[in-house]
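Notes follow the structure.
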Amino acid sequence: MTGAIFFDRDNTLVKDHGYTWKISDFAFLSDSAEALAFLHSYKIPVFIVTNQSGIARGYFDEADMFKYNKHLTKQVALRGGNIWDIAYCPHHPDYPEKTDTIKCDCRKPLPGMIKMISYKWQVDLNKSIMIGDKETDIQAGKAAGCLKSFLIKRTESRVDLCKLIISKYFIEKT
Ligand SMILES: [Mg+2]
Ligand SMILES: [Zn+2]
């Protein structure tokens, strides 16, 4: 089984607007598009795991999010990258009505989304990396059993981080 790289979405790959779902708000953050193209050149599977409690809160609906994600995936592809799959958590414990859910196992810091993708795509989490902008992203990566999790700041180079990750964790050392 192969390892993969899991990314948070908002404020990691794209600009965050608090609740991010409008295509008119779409913008890559830092050099994330180049980083995704770089990973694709190494055929590394890339997944997104994203908390979208704006759905539970009623700020936007799943159709809005799917449209945004489709736009993101297309923009990534146009720049030479490839998003294999996107897992999302629409829930929030304080807003159970819209999603019929009080407690879920997918909202980060829980590892549900990463585990689901690992199962669906046969990804070896012992060889996988999680990258996000929040401590809860790191906690989710750890709880899922990822090899390593990286916190990244808004302006930091995603390309530099991905280059380090590839050389350290994905290229077989002899
Ligand atoms: Mg984020
Ligand atoms: Zn959830």
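Every chain in the structure tokens takes a letter, A first, then B, and so on in the order presented; its residues are numbered from 1, and the ligands are numbered from 1 following the presented order.
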
Quiz item: If you count only C-alpha atoms and all ligand atoms, which residues end up within 12 Å of ligand 2, as number ranges by chain?
Solution: A: 49-56, 87-93, 95-96, 99-114, 116

Could you give me, as a PDB file with N, CA and C atoms, in the first residue's frame, every polymer residue with an atom at most 12 Å away from an atom of ligand 1, counting only C-alpha atoms and all ligand atoms?
```pdb
ATOM      1  N   PHE A   7      -4.261  17.060   2.980  1.00  0.00           N
ATOM      2  CA  PHE A   7      -4.247  18.494   3.231  1.00  0.00           C
ATOM      3  C   PHE A   7      -5.574  18.929   3.838  1.00  0.00           C
ATOM      4  N   ASP A   8      -5.472  19.850   4.777  1.00  0.00           N
ATOM      5  CA  ASP A   8      -6.627  20.653   5.143  1.00  0.00           C
ATOM      6  C   ASP A   8      -6.918  21.562   3.930  1.00  0.00           C
ATOM      7  N   ARG A   9      -8.127  22.101   3.828  1.00  0.00           N
ATOM      8  CA  ARG A   9      -8.432  22.946   2.674  1.00  0.00           C
ATOM      9  C   ARG A   9      -8.266  24.439   2.989  1.00  0.00           C
ATOM     10  N   ASP A  10      -9.114  24.972   3.894  1.00  0.00           N
ATOM     11  CA  ASP A  10      -9.176  26.420   4.118  1.00  0.00           C
ATOM     12  C   ASP A  10      -7.988  26.925   4.931  1.00  0.00           C
ATOM     13  N   ASN A  11      -7.354  27.932   4.407  1.00  0.00           N
ATOM     14  CA  ASN A  11      -6.170  28.526   5.029  1.00  0.00           C
ATOM     15  C   ASN A  11      -4.943  27.619   4.952  1.00  0.00           C
ATOM     16  N   THR A  12      -5.079  26.525   4.204  1.00  0.00           N
ATOM     17  CA  THR A  12      -3.921  25.675   3.927  1.00  0.00           C
ATOM     18  C   THR A  12      -3.650  25.660   2.421  1.00  0.00           C
ATOM     19  N   LEU A  13      -4.693  25.329   1.640  1.00  0.00           N
ATOM     20  CA  LEU A  13      -4.561  25.345   0.170  1.00  0.00           C
ATOM     21  C   LEU A  13      -5.187  26.592  -0.443  1.00  0.00           C
ATOM     22  N   VAL A  14      -6.310  27.023   0.133  1.00  0.00           N
ATOM     23  CA  VAL A  14      -7.013  28.195  -0.423  1.00  0.00           C
ATOM     24  C   VAL A  14      -7.213  29.258   0.654  1.00  0.00           C
ATOM     25  N   LYS A  15      -7.433  30.483   0.197  1.00  0.00           N
ATOM     26  CA  LYS A  15      -7.705  31.591   1.111  1.00  0.00           C
ATOM     27  C   LYS A  15      -8.987  31.331   1.858  1.00  0.00           C
ATOM     28  N   ASP A  16      -8.947  31.581   3.158  1.00  0.00           N
ATOM     29  CA  ASP A  16     -10.104  31.337   4.005  1.00  0.00           C
ATOM     30  C   ASP A  16     -10.891  32.624   4.197  1.00  0.00           C
ATOM     31  N   HIS A  17     -12.210  32.528   4.065  1.00  0.00           N
ATOM     32  CA  HIS A  17     -13.067  33.693   4.283  1.00  0.00           C
ATOM     33  C   HIS A  17     -13.980  33.453   5.483  1.00  0.00           C
ATOM     34  N   GLY A  18     -13.468  32.736   6.470  1.00  0.00           N
ATOM     35  CA  GLY A  18     -14.288  32.366   7.624  1.00  0.00           C
ATOM     36  C   GLY A  18     -15.112  31.147   7.261  1.00  0.00           C
ATOM     37  N   TYR A  19     -16.070  31.341   6.388  1.00  0.00           N
ATOM     38  CA  TYR A  19     -16.781  30.221   5.771  1.00  0.00           C
ATOM     39  C   TYR A  19     -16.597  30.390   4.278  1.00  0.00           C
ATOM     40  N   THR A  20     -15.940  29.419   3.686  1.00  0.00           N
ATOM     41  CA  THR A  20     -15.465  29.584   2.318  1.00  0.00           C
ATOM     42  C   THR A  20     -16.248  28.677   1.388  1.00  0.00           C
ATOM     43  N   LEU A  29      -3.750  29.753  -1.843  1.00  0.00           N
ATOM     44  CA  LEU A  29      -2.967  30.389  -0.804  1.00  0.00           C
ATOM     45  C   LEU A  29      -1.482  30.119  -1.056  1.00  0.00           C
ATOM     46  N   ILE A  48      -7.881  15.826   0.312  1.00  0.00           N
ATOM     47  CA  ILE A  48      -8.260  16.944   1.175  1.00  0.00           C
ATOM     48  C   ILE A  48      -9.232  16.428   2.226  1.00  0.00           C
ATOM     49  N   VAL A  49      -9.002  16.839   3.474  1.00  0.00           N
ATOM     50  CA  VAL A  49      -9.933  16.533   4.563  1.00  0.00           C
ATOM     51  C   VAL A  49     -10.329  17.870   5.201  1.00  0.00           C
ATOM     52  N   THR A  50     -11.609  18.203   5.143  1.00  0.00           N
ATOM     53  CA  THR A  50     -12.005  19.564   5.500  1.00  0.00           C
ATOM     54  C   THR A  50     -13.262  19.606   6.363  1.00  0.00           C
ATOM     55  N   ASN A  51     -13.167  20.339   7.470  1.00  0.00           N
ATOM     56  CA  ASN A  51     -14.349  20.606   8.301  1.00  0.00           C
ATOM     57  C   ASN A  51     -15.172  21.699   7.625  1.00  0.00           C
ATOM     58  N   GLN A  52     -16.450  21.446   7.379  1.00  0.00           N
ATOM     59  CA  GLN A  52     -17.310  22.451   6.755  1.00  0.00           C
ATOM     60  C   GLN A  52     -18.579  22.628   7.585  1.00  0.00           C
ATOM     61  N   LYS A 108     -12.576  17.097  12.474  1.00  0.00           N
ATOM     62  CA  LYS A 108     -11.242  17.196  13.066  1.00  0.00           C
ATOM     63  C   LYS A 108     -11.361  17.966  14.376  1.00  0.00           C
ATOM     64  N   PRO A 109     -10.707  17.595  15.459  1.00  0.00           N
ATOM     65  CA  PRO A 109      -9.502  16.757  15.542  1.00  0.00           C
ATOM     66  C   PRO A 109      -9.717  15.246  15.462  1.00  0.00           C
ATOM     67  N   MET A 130       0.078  14.496   7.089  1.00  0.00           N
ATOM     68  CA  MET A 130      -1.034  15.450   7.189  1.00  0.00           C
ATOM     69  C   MET A 130      -0.463  16.861   7.262  1.00  0.00           C
ATOM     70  N   ILE A 131      -1.072  17.781   6.484  1.00  0.00           N
ATOM     71  CA  ILE A 131      -0.630  19.186   6.495  1.00  0.00           C
ATOM     72  C   ILE A 131      -1.847  20.080   6.734  1.00  0.00           C
ATOM     73  N   GLY A 132      -1.738  20.961   7.732  1.00  0.00           N
ATOM     74  CA  GLY A 132      -2.847  21.866   7.998  1.00  0.00           C
ATOM     75  C   GLY A 132      -2.391  23.108   8.740  1.00  0.00           C
ATOM     76  N   ASP A 133      -3.323  24.042   8.913  1.00  0.00           N
ATOM     77  CA  ASP A 133      -2.969  25.320   9.549  1.00  0.00           C
ATOM     78  C   ASP A 133      -3.397  25.377  11.009  1.00  0.00           C
ATOM     79  N   LYS A 134      -4.091  24.342  11.479  1.00  0.00           N
ATOM     80  CA  LYS A 134      -4.590  24.373  12.855  1.00  0.00           C
ATOM     81  C   LYS A 134      -4.088  23.185  13.646  1.00  0.00           C
ATOM     82  N   GLU A 135      -4.027  23.379  14.942  1.00  0.00           N
ATOM     83  CA  GLU A 135      -3.631  22.304  15.845  1.00  0.00           C
ATOM     84  C   GLU A 135      -4.573  21.103  15.694  1.00  0.00           C
ATOM     85  N   THR A 136      -5.848  21.363  15.402  1.00  0.00           N
ATOM     86  CA  THR A 136      -6.803  20.253  15.239  1.00  0.00           C
ATOM     87  C   THR A 136      -6.465  19.397  14.011  1.00  0.00           C
ATOM     88  N   ASP A 137      -5.845  20.002  13.000  1.00  0.00           N
ATOM     89  CA  ASP A 137      -5.396  19.219  11.835  1.00  0.00           C
ATOM     90  C   ASP A 137      -4.299  18.240  12.245  1.00  0.00           C
ATOM     91  N   ILE A 138      -3.396  18.766  13.070  1.00  0.00           N
ATOM     92  CA  ILE A 138      -2.273  17.946  13.535  1.00  0.00           C
ATOM     93  C   ILE A 138      -2.777  16.809  14.423  1.00  0.00           C
ATOM     94  N   LEU A 151       2.285  21.584  10.666  1.00  0.00           N
ATOM     95  CA  LEU A 151       1.523  22.821  10.780  1.00  0.00           C
ATOM     96  C   LEU A 151       2.152  23.829   9.824  1.00  0.00           C
ATOM     97  N   ILE A 152       1.344  24.492   9.005  1.00  0.00           N
ATOM     98  CA  ILE A 152       1.911  25.456   8.063  1.00  0.00           C
ATOM     99  C   ILE A 152       1.224  26.811   8.214  1.00  0.00           C
ATOM    100  N   LYS A 153       2.036  27.866   8.180  1.00  0.00           N
ATOM    101  CA  LYS A 153       1.487  29.216   8.310  1.00  0.00           C
ATOM    102  C   LYS A 153       1.015  29.707   6.953  1.00  0.00           C
ATOM    103  N   ARG A 154       0.186  30.734   6.977  1.00  0.00           N
ATOM    104  CA  ARG A 154      -0.459  31.264   5.779  1.00  0.00           C
ATOM    105  C   ARG A 154       0.516  31.606   4.657  1.00  0.00           C
TER     106      ARG A 154
END
```

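For the set A:Ser167, A:Asp94, A:Ile129, A:Cys162, the residue with the smallest atom-to-atom gap to Arg57 in chain A is A:Asp94, counting only C-alpha atoms.
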
inquiry  = I want to know what sits within 12 Å of Lys43 in chain A, based on only C-alpha atoms, with residues of the same chain fewer than 4 positions away left out; could you give that as a count of residues only?
reply    = 16

* Assign secondary structure with DSSP using the backbone only, and return the residues of chain A in strand (DSSP E or B) as an NGL selection string. => :A and (2 or 5-7 or 10 or 14 or 28 or 46-51 or 85-89 or 123 or 129-132 or 148-151)

All alpha helix (DSSP H) residues (DSSP, backbone) inside chain A, as a ChimeraX atom specification:
/A:32-41,54-57,62-78,112-121,135-144,158-165
